[in-house]
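Novice: Sharing input_13.txt, compact mmCIF, C-alpha atoms:
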```
# COMPACT_ATOMS: atom_id res chain seq x y z
CA MET A 1 5.11 -6.44 -4.11
CA SER A 2 4.67 -8.24 -7.37
CA ALA A 3 5.11 -11.82 -8.51
CA PRO A 4 8.01 -12.66 -10.84
CA ALA A 5 8.38 -10.23 -13.69
CA GLN A 6 7.73 -11.23 -17.25
CA PRO A 7 9.71 -8.96 -19.60
CA SER A 8 7.46 -8.40 -22.58
CA GLY A 9 6.33 -5.95 -25.17
CA GLU A 10 8.11 -3.80 -27.66
CA PRO A 11 11.60 -2.44 -27.00
CA VAL A 12 11.49 0.97 -25.32
CA THR A 13 13.64 3.59 -27.00
CA SER A 14 11.71 6.82 -26.41
CA LYS A 15 10.01 8.62 -23.57
CA ALA A 16 6.90 8.97 -25.75
CA GLN A 17 6.30 5.22 -25.46
CA LEU A 18 6.30 5.48 -21.68
CA VAL A 19 3.91 8.42 -21.70
CA GLU A 20 1.59 6.54 -24.03
CA TYR A 21 1.68 3.56 -21.68
CA ALA A 22 0.45 5.68 -18.76
CA ALA A 23 -2.16 7.49 -20.87
CA ALA A 24 -3.59 4.14 -21.95
CA GLY A 25 -4.95 3.85 -18.41
CA CYS A 26 -7.64 6.45 -19.18
CA LYS A 27 -11.12 4.92 -19.29
CA PRO A 28 -14.73 6.10 -19.12
CA ALA A 29 -16.39 6.30 -15.71
CA GLU A 30 -18.54 3.24 -16.35
CA SER A 31 -15.33 1.21 -16.66
CA TRP A 32 -13.73 2.46 -13.43
CA ARG A 33 -12.88 -0.28 -10.98
CA ILE A 34 -11.72 -0.69 -7.39
CA GLY A 35 -8.71 -2.82 -6.45
CA THR A 36 -7.97 -3.28 -2.76
CA GLU A 37 -4.69 -4.68 -1.42
CA HIS A 38 -3.80 -5.51 2.14
CA GLU A 39 -0.90 -7.11 3.97
CA LYS A 40 -0.86 -9.00 7.27
CA PHE A 41 1.75 -10.51 9.57
CA ALA A 42 1.76 -14.31 9.82
CA PHE A 43 2.87 -15.70 13.18
CA ARG A 44 3.05 -18.97 15.12
CA CYS A 45 0.32 -18.96 17.73
CA ASP A 46 2.37 -20.74 20.39
CA ASP A 47 5.38 -18.38 20.50
CA LEU A 48 4.22 -15.46 18.28
CA ARG A 49 7.31 -15.71 16.08
CA PRO A 50 7.14 -14.72 12.39
CA LEU A 51 6.93 -17.66 10.02
CA THR A 52 9.90 -18.99 8.15
CA TYR A 53 9.34 -19.78 4.49
CA GLU A 54 9.93 -23.52 4.74
CA GLY A 55 8.81 -26.06 7.30
CA PRO A 56 5.49 -27.66 8.26
CA ARG A 57 4.20 -24.33 9.61
CA GLY A 58 5.95 -22.01 7.18
CA ILE A 59 4.66 -19.53 4.64
CA GLN A 60 5.11 -22.14 1.90
CA ALA A 61 2.70 -24.41 3.77
CA VAL A 62 0.18 -21.56 4.02
CA LEU A 63 0.38 -20.94 0.27
CA GLN A 64 0.07 -24.63 -0.49
CA GLY A 65 -2.96 -24.82 1.78
CA LEU A 66 -4.65 -21.99 -0.10
CA GLU A 67 -4.31 -23.92 -3.35
CA ALA A 68 -7.22 -26.07 -2.14
CA PHE A 69 -9.46 -23.01 -2.70
CA GLY A 70 -8.62 -22.87 -6.40
CA TRP A 71 -5.54 -20.64 -6.27
CA GLU A 72 -2.89 -21.41 -8.89
CA PRO A 73 0.75 -21.34 -7.70
CA VAL A 74 3.49 -19.17 -9.20
CA GLU A 75 7.04 -20.39 -8.68
CA GLU A 76 10.42 -18.71 -8.68
CA ALA A 77 13.57 -20.85 -8.53
CA GLY A 78 11.49 -23.80 -7.33
CA HIS A 79 9.70 -21.87 -4.57
CA VAL A 80 6.00 -21.03 -4.55
CA ILE A 81 6.02 -17.27 -4.07
CA ALA A 82 2.55 -16.24 -5.26
CA LEU A 83 -0.94 -17.49 -6.05
CA LEU A 84 -3.31 -16.36 -8.81
CA LYS A 85 -7.09 -16.65 -9.16
CA ASP A 86 -9.75 -14.72 -11.09
CA GLY A 87 -7.74 -11.53 -11.48
CA ALA A 88 -6.53 -11.51 -7.85
CA SER A 89 -3.21 -12.60 -6.37
CA VAL A 90 -1.70 -13.61 -3.06
CA THR A 91 1.94 -12.58 -2.78
CA LEU A 92 4.73 -12.42 -0.21
CA GLU A 93 6.39 -9.36 1.20
CA PRO A 94 10.09 -9.67 2.18
CA GLY A 95 9.44 -10.64 5.81
CA GLY A 96 6.70 -13.14 5.03
CA GLN A 97 3.83 -10.67 5.23
CA LEU A 98 0.98 -12.18 3.25
CA GLU A 99 -0.68 -9.81 0.75
CA LEU A 100 -3.98 -10.08 -1.05
CA SER A 101 -4.10 -7.99 -4.22
CA GLY A 102 -7.76 -8.03 -5.06
CA ALA A 103 -9.33 -8.26 -8.49
CA PRO A 104 -10.66 -5.02 -10.02
CA VAL A 105 -14.35 -4.84 -9.02
CA GLU A 106 -17.17 -2.35 -9.45
CA THR A 107 -18.30 -1.66 -5.86
CA VAL A 108 -16.95 -1.47 -2.33
CA HIS A 109 -19.43 -4.21 -1.40
CA GLN A 110 -17.66 -6.54 -3.82
CA THR A 111 -14.15 -5.70 -2.66
CA CYS A 112 -15.22 -6.18 0.95
CA ARG A 113 -16.72 -9.59 0.19
CA GLU A 114 -13.44 -10.51 -1.49
CA VAL A 115 -11.46 -9.47 1.59
CA ASN A 116 -13.84 -11.39 3.84
CA GLU A 117 -13.59 -14.56 1.74
CA HIS A 118 -9.79 -14.35 1.69
CA LEU A 119 -9.58 -13.90 5.46
CA LYS A 120 -11.87 -16.90 5.95
CA GLN A 121 -9.54 -18.97 3.82
CA VAL A 122 -6.33 -17.95 5.57
CA LYS A 123 -7.97 -18.46 8.97
CA GLU A 124 -8.97 -21.97 7.96
CA ILE A 125 -5.43 -22.79 6.86
CA GLY A 126 -4.01 -21.04 9.93
CA GLY A 127 -6.23 -23.12 12.20
CA ARG A 128 -4.75 -26.31 10.79
CA LEU A 129 -1.18 -25.04 11.19
CA ASN A 130 -1.63 -23.21 14.52
CA VAL A 131 -0.76 -20.00 12.69
CA GLY A 132 -2.39 -16.58 13.12
CA PHE A 133 -2.56 -13.42 11.03
CA LEU A 134 -2.15 -9.98 12.56
CA GLY A 135 -3.61 -6.72 11.28
CA LEU A 136 -1.25 -3.92 12.35
CA GLY A 137 0.96 -1.43 10.53
CA PHE A 138 4.24 -2.47 12.14
CA ASN A 139 5.43 -5.66 13.80
CA PRO A 140 4.85 -4.83 17.47
CA LYS A 141 7.26 -7.31 19.06
CA TRP A 142 10.12 -8.66 17.00
CA GLU A 143 13.45 -7.12 16.07
CA ARG A 144 14.63 -6.97 12.49
CA LYS A 145 17.02 -9.86 13.07
CA ASP A 146 14.12 -12.09 14.19
CA VAL A 147 12.23 -11.82 10.90
CA PRO A 148 13.11 -14.44 8.24
CA TRP A 149 13.63 -13.30 4.64
CA MET A 150 11.51 -14.76 1.88
CA PRO A 151 13.26 -16.42 -1.12
CA LYS A 152 12.47 -13.88 -3.85
CA GLY A 153 15.25 -12.61 -6.08
CA ARG A 154 14.19 -8.96 -6.11
CA TYR A 155 14.28 -8.85 -2.32
CA ALA A 156 17.92 -9.93 -2.19
CA ILE A 157 18.82 -6.97 -4.42
CA MET A 158 16.77 -4.53 -2.36
CA ARG A 159 18.24 -5.94 0.84
CA ARG A 160 21.72 -5.03 -0.35
CA TYR A 161 20.81 -1.61 -1.73
CA MET A 162 18.37 -0.26 0.86
CA PRO A 163 20.94 0.44 3.61
CA LEU A 164 22.90 2.57 1.15
CA LYS A 165 19.98 5.01 0.90
CA GLY A 166 18.43 5.21 4.37
CA GLN A 167 18.39 3.83 7.89
CA LEU A 168 14.92 2.24 7.88
CA GLY A 169 14.53 0.61 4.47
CA LEU A 170 15.01 -2.90 5.79
CA ASP A 171 12.40 -2.24 8.46
CA MET A 172 10.02 -1.16 5.71
CA MET A 173 10.64 -4.44 3.94
CA LEU A 174 10.48 -6.79 6.91
CA ARG A 175 8.26 -5.21 9.54
CA THR A 176 5.48 -3.14 7.93
CA CYS A 177 2.01 -3.84 6.62
CA THR A 178 -0.36 -1.56 4.74
CA VAL A 179 -3.76 -1.46 3.11
CA GLN A 180 -4.16 0.43 -0.14
CA VAL A 181 -6.68 0.93 -2.92
CA ASN A 182 -6.11 1.35 -6.66
CA LEU A 183 -8.46 3.64 -8.59
CA ASP A 184 -8.96 4.74 -12.20
CA PHE A 185 -9.14 8.05 -14.05
CA ALA A 186 -10.93 9.26 -17.18
CA SER A 187 -8.35 11.57 -18.71
CA GLU A 188 -5.07 13.28 -18.02
CA ALA A 189 -6.87 16.21 -16.40
CA ASP A 190 -8.89 13.82 -14.24
CA MET A 191 -5.72 11.97 -13.26
CA VAL A 192 -4.03 15.22 -12.24
CA LYS A 193 -6.95 16.36 -10.08
CA LYS A 194 -7.31 12.96 -8.41
CA PHE A 195 -3.56 12.75 -7.88
CA ARG A 196 -3.48 16.16 -6.20
CA VAL A 197 -6.50 15.51 -3.98
CA SER A 198 -5.36 12.06 -2.90
CA LEU A 199 -1.76 13.12 -2.32
CA ALA A 200 -2.82 16.10 -0.21
CA LEU A 201 -5.19 13.98 1.88
CA GLN A 202 -2.91 11.00 2.49
CA PRO A 203 -1.98 12.43 5.94
CA LEU A 204 -5.67 12.16 6.87
CA ALA A 205 -5.60 8.48 5.93
CA THR A 206 -2.40 8.03 7.92
CA ALA A 207 -4.11 9.51 10.98
CA LEU A 208 -7.43 7.66 10.61
CA TRP A 209 -5.69 4.31 10.09
CA ALA A 210 -2.75 4.96 12.50
CA ASN A 211 -2.20 1.55 14.01
CA SER A 212 1.51 1.05 14.67
CA PRO A 213 2.60 2.63 17.98
CA PHE A 214 4.92 -0.18 19.15
CA VAL A 215 8.50 -1.10 18.28
CA GLU A 216 10.05 -4.21 19.82
CA GLY A 217 7.46 -4.43 22.56
CA LYS A 218 7.45 -0.82 23.69
CA PRO A 219 5.69 2.40 22.68
CA SER A 220 7.76 4.18 20.05
CA GLY A 221 6.46 7.68 20.70
CA LEU A 222 4.69 7.62 17.32
CA LEU A 223 1.19 6.60 16.35
CA SER A 224 2.14 5.35 12.89
CA TYR A 225 5.68 4.07 13.01
CA ARG A 226 5.02 2.51 9.59
CA SER A 227 4.47 5.97 8.10
CA HIS A 228 7.55 7.34 9.85
CA ILE A 229 9.71 4.60 8.30
CA TRP A 230 9.10 5.98 4.81
CA THR A 231 10.81 9.24 5.80
CA ASP A 232 14.16 7.43 6.09
CA THR A 233 13.95 4.70 3.47
CA ASP A 234 15.14 6.17 0.17
CA SER A 235 14.51 9.82 -0.70
CA ASP A 236 14.96 9.03 -4.42
CA ARG A 237 11.66 7.15 -4.51
CA THR A 238 9.48 8.27 -1.57
CA GLY A 239 7.63 11.35 -0.34
CA ILE A 240 4.86 13.74 -1.35
CA LEU A 241 6.10 14.66 -4.86
CA PRO A 242 5.78 18.48 -4.87
CA PHE A 243 5.79 18.58 -8.68
CA VAL A 244 2.30 17.04 -8.68
CA PHE A 245 0.92 20.37 -7.41
CA GLU A 246 2.85 22.47 -9.91
CA ASP A 247 1.59 23.83 -13.22
CA GLY A 248 2.32 21.42 -16.03
CA MET A 249 1.66 18.23 -14.09
CA SER A 250 0.93 15.49 -16.63
CA PHE A 251 1.63 11.89 -17.56
CA GLU A 252 4.89 13.09 -19.06
CA ARG A 253 5.90 14.85 -15.86
CA TYR A 254 5.44 11.67 -13.86
CA VAL A 255 7.41 9.71 -16.44
CA ASP A 256 10.23 12.26 -16.06
CA TYR A 257 10.18 11.63 -12.31
CA ALA A 258 10.19 7.86 -12.78
CA LEU A 259 13.08 8.04 -15.23
CA ASP A 260 15.10 9.89 -12.59
CA VAL A 261 14.50 7.17 -9.98
CA PRO A 262 17.43 4.72 -9.98
CA MET A 263 16.67 1.14 -10.95
CA TYR A 264 16.82 -1.92 -8.71
CA PHE A 265 16.86 -4.89 -11.10
CA VAL A 266 16.19 -6.33 -14.52
CA TYR A 267 14.47 -9.70 -14.89
CA ARG A 268 15.89 -12.00 -17.57
CA ASP A 269 15.69 -15.77 -18.15
CA GLY A 270 14.08 -16.50 -14.80
CA ALA A 271 16.55 -14.48 -12.73
CA TYR A 272 16.88 -10.99 -11.30
CA ILE A 273 19.98 -9.06 -12.37
CA ASP A 274 21.23 -6.52 -9.86
CA VAL A 275 21.44 -3.09 -11.51
CA ALA A 276 20.64 -1.10 -8.37
CA GLY A 277 21.50 2.56 -8.80
CA SER A 278 21.59 2.38 -12.61
CA SER A 279 19.69 4.69 -14.92
CA PHE A 280 16.67 3.60 -16.95
CA LYS A 281 17.68 6.30 -19.44
CA ASP A 282 20.96 4.50 -19.99
CA PHE A 283 19.01 1.25 -20.42
CA MET A 284 16.91 2.91 -23.15
CA ALA A 285 20.13 3.92 -24.91
CA GLY A 286 21.52 0.37 -24.72
CA LYS A 287 24.17 1.52 -22.25
CA LEU A 288 23.25 -0.41 -19.12
CA ALA A 289 26.54 -1.73 -17.79
CA ALA A 290 25.09 -5.07 -16.70
CA LEU A 291 23.34 -5.64 -20.07
CA PRO A 292 25.40 -3.82 -22.70
CA GLY A 293 23.59 -3.31 -25.97
CA GLN A 294 20.25 -4.55 -24.64
CA LEU A 295 17.12 -2.39 -24.65
CA PRO A 296 14.32 -2.46 -22.09
CA THR A 297 10.81 -3.69 -22.88
CA LEU A 298 7.57 -2.30 -21.56
CA GLY A 299 7.67 -5.15 -19.05
CA ASP A 300 10.90 -3.73 -17.65
CA TRP A 301 9.24 -0.32 -17.32
CA VAL A 302 6.26 -1.82 -15.50
CA ASP A 303 8.68 -3.50 -13.08
CA HIS A 304 10.52 -0.22 -12.59
CA LEU A 305 7.28 1.58 -11.71
CA THR A 306 6.72 -0.89 -8.86
CA THR A 307 10.00 0.23 -7.25
CA MET A 308 8.76 3.78 -6.57
CA PHE A 309 7.12 4.37 -3.19
CA PRO A 310 5.58 7.85 -3.01
CA GLU A 311 2.47 8.45 -0.91
CA VAL A 312 0.42 8.09 -4.12
CA ARG A 313 1.80 6.10 -7.04
CA LEU A 314 0.83 6.32 -10.70
CA LYS A 315 0.81 3.29 -12.98
CA ARG A 316 -2.18 2.93 -15.30
CA PHE A 317 -4.20 3.78 -12.20
CA LEU A 318 -3.56 5.62 -8.94
CA GLU A 319 -2.52 3.80 -5.76
CA MET A 320 -3.35 5.24 -2.32
CA ARG A 321 -0.45 4.29 -0.04
CA GLY A 322 -0.80 6.24 3.23
CA ALA A 323 -2.63 3.83 5.57
CA ASP A 324 -1.47 1.29 8.14
CA GLY A 325 -2.76 -2.25 7.91
CA GLY A 326 -5.55 -2.98 10.33
CA PRO A 327 -8.60 -5.02 11.27
CA TRP A 328 -11.28 -6.16 8.84
CA ARG A 329 -13.54 -3.11 9.13
CA ARG A 330 -10.77 -0.68 8.27
CA LEU A 331 -9.68 -2.81 5.30
CA CYS A 332 -13.13 -2.26 3.82
CA ALA A 333 -13.23 1.38 4.92
CA LEU A 334 -10.20 2.44 2.87
CA PRO A 335 -11.75 1.87 -0.56
CA ALA A 336 -14.97 3.47 0.66
CA PHE A 337 -13.12 6.62 1.77
CA TRP A 338 -11.23 7.11 -1.48
CA VAL A 339 -14.02 6.00 -3.81
CA GLY A 340 -16.36 8.46 -2.11
CA LEU A 341 -13.87 11.28 -2.64
CA LEU A 342 -12.61 10.45 -6.13
CA TYR A 343 -15.33 8.59 -8.06
CA ASP A 344 -18.03 11.26 -7.78
CA GLN A 345 -17.35 14.53 -9.58
CA THR A 346 -19.16 16.72 -7.07
CA ALA A 347 -17.19 15.14 -4.23
CA LEU A 348 -13.91 15.46 -6.11
CA ASP A 349 -14.59 19.13 -6.76
CA ALA A 350 -15.48 19.71 -3.10
CA ALA A 351 -12.32 17.94 -1.93
CA TRP A 352 -10.23 20.05 -4.31
CA ASP A 353 -11.87 23.24 -3.04
CA MET A 354 -10.97 22.13 0.49
CA LEU A 355 -7.24 21.99 -0.21
CA LYS A 356 -6.43 23.86 -3.41
CA ASP A 357 -4.71 26.75 -1.61
CA TRP A 358 -2.51 24.59 0.62
CA THR A 359 1.18 25.32 0.14
CA ILE A 360 3.92 22.79 -0.44
CA GLU A 361 5.25 23.72 2.99
CA GLU A 362 1.88 22.83 4.51
CA HIS A 363 1.75 19.53 2.64
CA SER A 364 5.21 18.68 3.96
CA ALA A 365 4.42 19.76 7.50
CA LEU A 366 1.30 17.59 7.59
CA ARG A 367 3.17 14.58 6.21
CA ASP A 368 5.94 14.97 8.77
CA ALA A 369 3.74 15.59 11.83
CA VAL A 370 0.88 13.13 11.43
CA PRO A 371 2.85 9.94 12.25
CA THR A 372 3.50 11.41 15.71
CA SER A 373 0.39 13.43 16.55
CA GLY A 374 -2.30 11.82 14.40
CA LEU A 375 -5.69 13.52 14.40
CA ALA A 376 -4.44 16.08 16.92
CA THR A 377 -1.94 17.50 14.41
CA ARG A 378 -2.42 21.28 14.16
CA PHE A 379 -3.34 22.83 10.81
CA ARG A 380 -4.40 26.42 10.09
CA GLY A 381 -5.93 27.05 13.49
CA GLY A 382 -7.61 23.68 13.59
CA THR A 383 -6.56 20.04 13.57
CA VAL A 384 -6.32 17.08 11.24
CA ARG A 385 -9.41 15.78 13.01
CA ASP A 386 -11.34 18.78 11.63
CA LEU A 387 -10.03 18.00 8.14
CA ALA A 388 -10.95 14.33 8.54
CA VAL A 389 -14.52 15.15 9.58
CA GLN A 390 -14.86 17.42 6.54
CA ALA A 391 -13.35 14.87 4.14
CA LEU A 392 -15.51 12.06 5.49
CA ALA A 393 -18.64 14.15 4.98
CA ILE A 394 -17.61 14.77 1.37
CA ALA A 395 -16.86 11.05 0.87
CA GLU A 396 -20.19 10.04 2.39
CA ASP A 397 -22.10 12.35 0.06
CA GLY A 398 -20.13 10.96 -2.88
CA LEU A 399 -21.01 7.38 -1.96
CA LYS A 400 -24.66 8.29 -1.54
CA ARG A 401 -24.72 9.76 -5.03
CA ARG A 402 -23.05 6.61 -6.41
CA ALA A 403 -25.95 4.66 -4.89
CA ARG A 404 -24.34 1.25 -5.27
CA LEU A 405 -26.50 -1.04 -3.14
CA ASP A 406 -25.90 -4.47 -1.65
CA ALA A 407 -28.46 -7.27 -1.41
CA TYR A 408 -29.98 -5.60 1.65
CA GLY A 409 -30.46 -2.23 -0.05
CA ARG A 410 -27.55 -0.55 1.77
CA ASP A 411 -25.23 1.82 -0.05
CA GLU A 412 -21.44 1.98 0.35
CA THR A 413 -21.62 4.54 3.19
CA ILE A 414 -21.95 1.64 5.65
CA PHE A 415 -18.19 1.15 5.34
CA LEU A 416 -17.48 4.67 6.60
CA GLN A 417 -19.08 4.09 10.00
CA THR A 418 -15.87 2.97 11.68
CA LEU A 419 -14.01 6.03 10.30
CA ASN A 420 -16.73 8.43 11.39
CA ALA A 421 -16.45 7.04 14.92
CA ILE A 422 -12.67 7.57 14.91
CA ALA A 423 -12.93 11.10 13.54
CA GLN A 424 -15.69 12.14 15.93
CA SER A 425 -13.75 10.85 18.93
CA GLY A 426 -10.45 12.36 17.77
CA VAL A 427 -8.74 9.19 19.05
CA THR A 428 -6.70 7.16 16.59
CA PRO A 429 -6.65 3.35 16.70
CA ALA A 430 -3.03 3.60 17.88
CA GLU A 431 -4.10 5.62 20.91
CA ASP A 432 -6.69 2.97 21.74
CA MET A 433 -3.90 0.41 21.64
CA LEU A 434 -1.67 2.50 23.88
CA ARG A 435 -4.50 2.84 26.38
CA ASP A 436 -4.84 -0.95 26.43
CA PHE A 437 -1.07 -1.40 26.70
CA HIS A 438 -0.91 0.78 29.79
CA GLY A 439 -4.16 -0.69 31.14
CA ARG A 440 -5.55 -4.15 30.65
CA TRP A 441 -2.50 -5.44 28.74
CA ALA A 442 -0.32 -4.52 31.75
CA GLY A 443 2.55 -3.44 29.49
CA ASN A 444 2.63 -6.71 27.54
CA VAL A 445 2.43 -6.16 23.78
CA ASP A 446 1.83 -9.89 23.27
CA GLU A 447 -1.82 -9.15 23.94
CA ALA A 448 -2.00 -7.39 20.57
CA TYR A 449 -1.65 -10.77 18.90
CA ARG A 450 -4.90 -11.82 20.53
CA ASP A 451 -6.87 -8.60 20.12
CA TYR A 452 -5.81 -7.85 16.53
CA CYS A 453 -5.59 -11.35 15.09
CA TYR A 454 -8.00 -11.83 12.19
```
Once more with this new file: its structure as structure tokens, please.
Specialist:
Amino acid sequence: MSAPAQPSGEPVTSKAQLVEYAAAGCKPAESWRIGTEHEKFAFRCDDLRPLTYEGPRGIQAVLQGLEAFGWEPVEEAGHVIALLKDGASVTLEPGGQLELSGAPVETVHQTCREVNEHLKQVKEIGGRLNVGFLGLGFNPKWERKDVPWMPKGRYAIMRRYMPLKGQLGLDMMLRTCTVQVNLDFASEADMVKKFRVSLALQPLATALWANSPFVEGKPSGLLSYRSHIWTDTDSDRTGILPFVFEDGMSFERYVDYALDVPMYFVYRDGAYIDVAGSSFKDFMAGKLAALPGQLPTLGDWVDHLTTMFPEVRLKRFLEMRGADGGPWRRLCALPAFWVGLLYDQTALDAAWDMLKDWTIEEHSALRDAVPTSGLATRFRGGTVRDLAVQALAIAEDGLKRRARLDAYGRDETIFLQTLNAIAQSGVTPAEDMLRDFHGRWAGNVDEAYRDYCY
């Protein structure tokens, strides 16, 4: 989630302004970039407990330690809650999960080097503090009550409002981690096609990255409990967005959806104002009860867009949101998978041909089943594994055609190797973990903190 908001820009009084804002994201292919984000759990190595914010081994100390690497602090109400450097940021999720939001870069090689450098830095700071960082999709051990809240104003508002809309929203905030990639589009038509392909194939990403089978020390019966949580968080702002597949999908159609999503907050004069459940349309008419007569700015709209959590999210780029957090190799694999599918026209066309006749009912069925059955999920006489093998082949061809080489002459397909191994085996990472839990871990989930610590 983002650093403190900065309300800015012209007053917003018409939907056309919001449509124009989204359309301004269109850019030629040579200007397309890759932005990778990933979250990780911070824990004390001696007792495995999540970090508090304050204290000699708290999240604040981690952030302050990272400042030695040239990161500039961002404060809210006297607390350091984010770091900025060269177009990238380090931010805090509600339960102290540490997130790197990478700078927009040209190749998967570059985004992977960025991830590697970041992990080296946090490991160095963690070594001084006896703190570790865990790459899983859901906290495997601790209950909700054991996870300290971070001191960010927007989280206090969400903490109050979330339980009004679903049973698992607070778990989403406190106990989940994801990896996602942000990608560009050339035009409205290109955005629509990429949105449809990526939204339809998010269940494949959920299966390939499934990495959260434990809840409070025991198997949950699901392979991606993180993905399951989104089904009972807040139906106003989550899900597969059926309208994306309908005729007439456009920037305006997404703006209509976003306008219908209730607000959480407005940021003014260094503070978050609780307007949870209010209408952005009322705000545009100067009728927001908490700020009578005031109009929103484009900054308020940008903040509002961050409070929507569908499987794919549109800002001035598209965000892929279906994967569990995981180890280093799978952090680099996610941008490779989606870049291979979406940044090569032949690959994008092939991916669309693969799924263009899927029904909304099939999209929904896949989304609902994959958190439990992963690659073994049945689909049209086959399985999600079959779909994953097909999609990976398309992505690999797309990356080969991109031909972006590293210093050793290797193209970006090297980052798909770990995914190809998963798809060929048909065994998700979560199933590997369950095998270890029932085998060499002897039923003790604490071992995950050793095996999956960065």
Novice: Quick one: residues within 8 Å of Gly239 (chain A), all atoms listed in the file counted, chain neighbours fewer than 4 positions away excluded, as a list in words?
Specialist: Trp230, Thr231, Ser235, Phe309, Pro310 and Glu311 of chain A
Novice: Enumerate, as an MDAnalysis selection string, the protein, DNA and RNA residues whose atoms approach (2.0, -21.1, 2.9) to within 10 Å, taking into account all atoms listed in the file and the coordinate frame of the file.
Specialist: chainID A and resid 42 51:67 80:82 92 96 98 122 125:126 129
Novice: Separation of CA of Gly153 (chain A) and CA of Glu76 (chain A), in Å?
Specialist: 8.2 Å
Novice: Need to verify the contact set: Gln180 (chain A), 9 Å, only C-alpha atoms, exclusion of same-chain residues closer than 2 positions in sequence. Can you return it as a PyMOL selection string?
Specialist: chain A and resi 35-38+178+182+319-325+331+334-335
Novice: What is the distance, in Å and to one decimal place, between CA of Thr206 (chain A) and CA of Val384 (chain A)?
Specialist: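 These atoms are spaced 10.4 Å apart.
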Novice: Rank nothing, just name the residue among A:Asp451, A:Asp282, A:Asp300, A:Glu362 nearest to Arg268 (chain A), using only C-alpha atoms.
Specialist: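 Answer, going by the shortest atom-to-atom distance: A:Asp300.
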Novice: Using all atoms listed in the file for the distances, tell me which of A:Tyr161, A:Tyr343, A:Tyr225, A:Phe195 is nearest to Pro262 (chain A).
Specialist: A:Tyr161
Novice: As an exercise, work out the distance from CA of Phe251 (chain A) to CA of Glu188 (chain A) in Å and give it to one decimal place.
Specialist: 6.9 Å
Novice: Quick one: residues within 9 Å of Leu375 (chain A), all atoms listed in the file counted, chain neighbours fewer than 4 positions away excluded, as an mmCIF file with C-alpha atoms, in the frame of the given file?
Specialist:
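Just written: result35.cif:
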```
data_model
loop_
_atom_site.group_PDB
_atom_site.id
_atom_site.type_symbol
_atom_site.label_atom_id
_atom_site.label_comp_id
_atom_site.auth_asym_id
_atom_site.auth_seq_id
_atom_site.Cartn_x
_atom_site.Cartn_y
_atom_site.Cartn_z
ATOM 1 C CA LEU A 204 -5.670 12.160 6.870
ATOM 2 C CA ALA A 207 -4.110 9.510 10.980
ATOM 3 C CA LEU A 208 -7.430 7.660 10.610
ATOM 4 C CA VAL A 370 0.880 13.130 11.430
ATOM 5 C CA THR A 383 -6.560 20.040 13.570
ATOM 6 C CA VAL A 384 -6.320 17.080 11.240
ATOM 7 C CA ARG A 385 -9.410 15.780 13.010
ATOM 8 C CA ASP A 386 -11.340 18.780 11.630
ATOM 9 C CA LEU A 387 -10.030 18.000 8.140
ATOM 10 C CA ALA A 388 -10.950 14.330 8.540
ATOM 11 C CA ALA A 423 -12.930 11.100 13.540
ATOM 12 C CA GLY A 426 -10.450 12.360 17.770
ATOM 13 C CA VAL A 427 -8.740 9.190 19.050
ATOM 14 C CA THR A 428 -6.700 7.160 16.590
#
```
Novice: Residues within 12 Å of Glu124 (chain A), please, as a PyMOL selection string. Count all atoms listed in the file; anything in the same chain fewer than 2 positions from it doesn't count.
Specialist: chain A and resi 62+65-66+68-69+117-122+126-133+454
Novice: Store the residues picked out above, limited to C-alpha atoms, as a PDB file, in the frame of the given file.
Specialist:
```pdb
ATOM      1  CA  VAL A  62       0.180 -21.560   4.020  1.00  0.00           C
ATOM      2  CA  GLY A  65      -2.960 -24.820   1.780  1.00  0.00           C
ATOM      3  CA  LEU A  66      -4.650 -21.990  -0.100  1.00  0.00           C
ATOM      4  CA  ALA A  68      -7.220 -26.070  -2.140  1.00  0.00           C
ATOM      5  CA  PHE A  69      -9.460 -23.010  -2.700  1.00  0.00           C
ATOM      6  CA  GLU A 117     -13.590 -14.560   1.740  1.00  0.00           C
ATOM      7  CA  HIS A 118      -9.790 -14.350   1.690  1.00  0.00           C
ATOM      8  CA  LEU A 119      -9.580 -13.900   5.460  1.00  0.00           C
ATOM      9  CA  LYS A 120     -11.870 -16.900   5.950  1.00  0.00           C
ATOM     10  CA  GLN A 121      -9.540 -18.970   3.820  1.00  0.00           C
ATOM     11  CA  VAL A 122      -6.330 -17.950   5.570  1.00  0.00           C
ATOM     12  CA  GLY A 126      -4.010 -21.040   9.930  1.00  0.00           C
ATOM     13  CA  GLY A 127      -6.230 -23.120  12.200  1.00  0.00           C
ATOM     14  CA  ARG A 128      -4.750 -26.310  10.790  1.00  0.00           C
ATOM     15  CA  LEU A 129      -1.180 -25.040  11.190  1.00  0.00           C
ATOM     16  CA  ASN A 130      -1.630 -23.210  14.520  1.00  0.00           C
ATOM     17  CA  VAL A 131      -0.760 -20.000  12.690  1.00  0.00           C
ATOM     18  CA  GLY A 132      -2.390 -16.580  13.120  1.00  0.00           C
ATOM     19  CA  PHE A 133      -2.560 -13.420  11.030  1.00  0.00           C
ATOM     20  CA  TYR A 454      -8.000 -11.830  12.190  1.00  0.00           C
TER      21      TYR A 454
END
```
Novice: Taking the block above, write region 9-17 of chain A with C-alpha atoms as a compact mmCIF listing (two decimals), in the first residue's frame.
Specialist:
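And here's out_22.txt as it stands now:
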```txt
# COMPACT_ATOMS: atom_id res chain seq x y z
CA GLY A 9 -4.02 18.56 -9.18
CA GLU A 10 -7.08 20.25 -10.51
CA PRO A 11 -10.47 19.86 -8.82
CA VAL A 12 -12.42 16.92 -10.23
CA THR A 13 -15.97 17.77 -11.24
CA SER A 14 -16.61 15.46 -14.20
CA LYS A 15 -16.18 11.83 -15.10
CA ALA A 16 -14.41 12.90 -18.30
CA GLN A 17 -11.44 14.10 -16.23
```
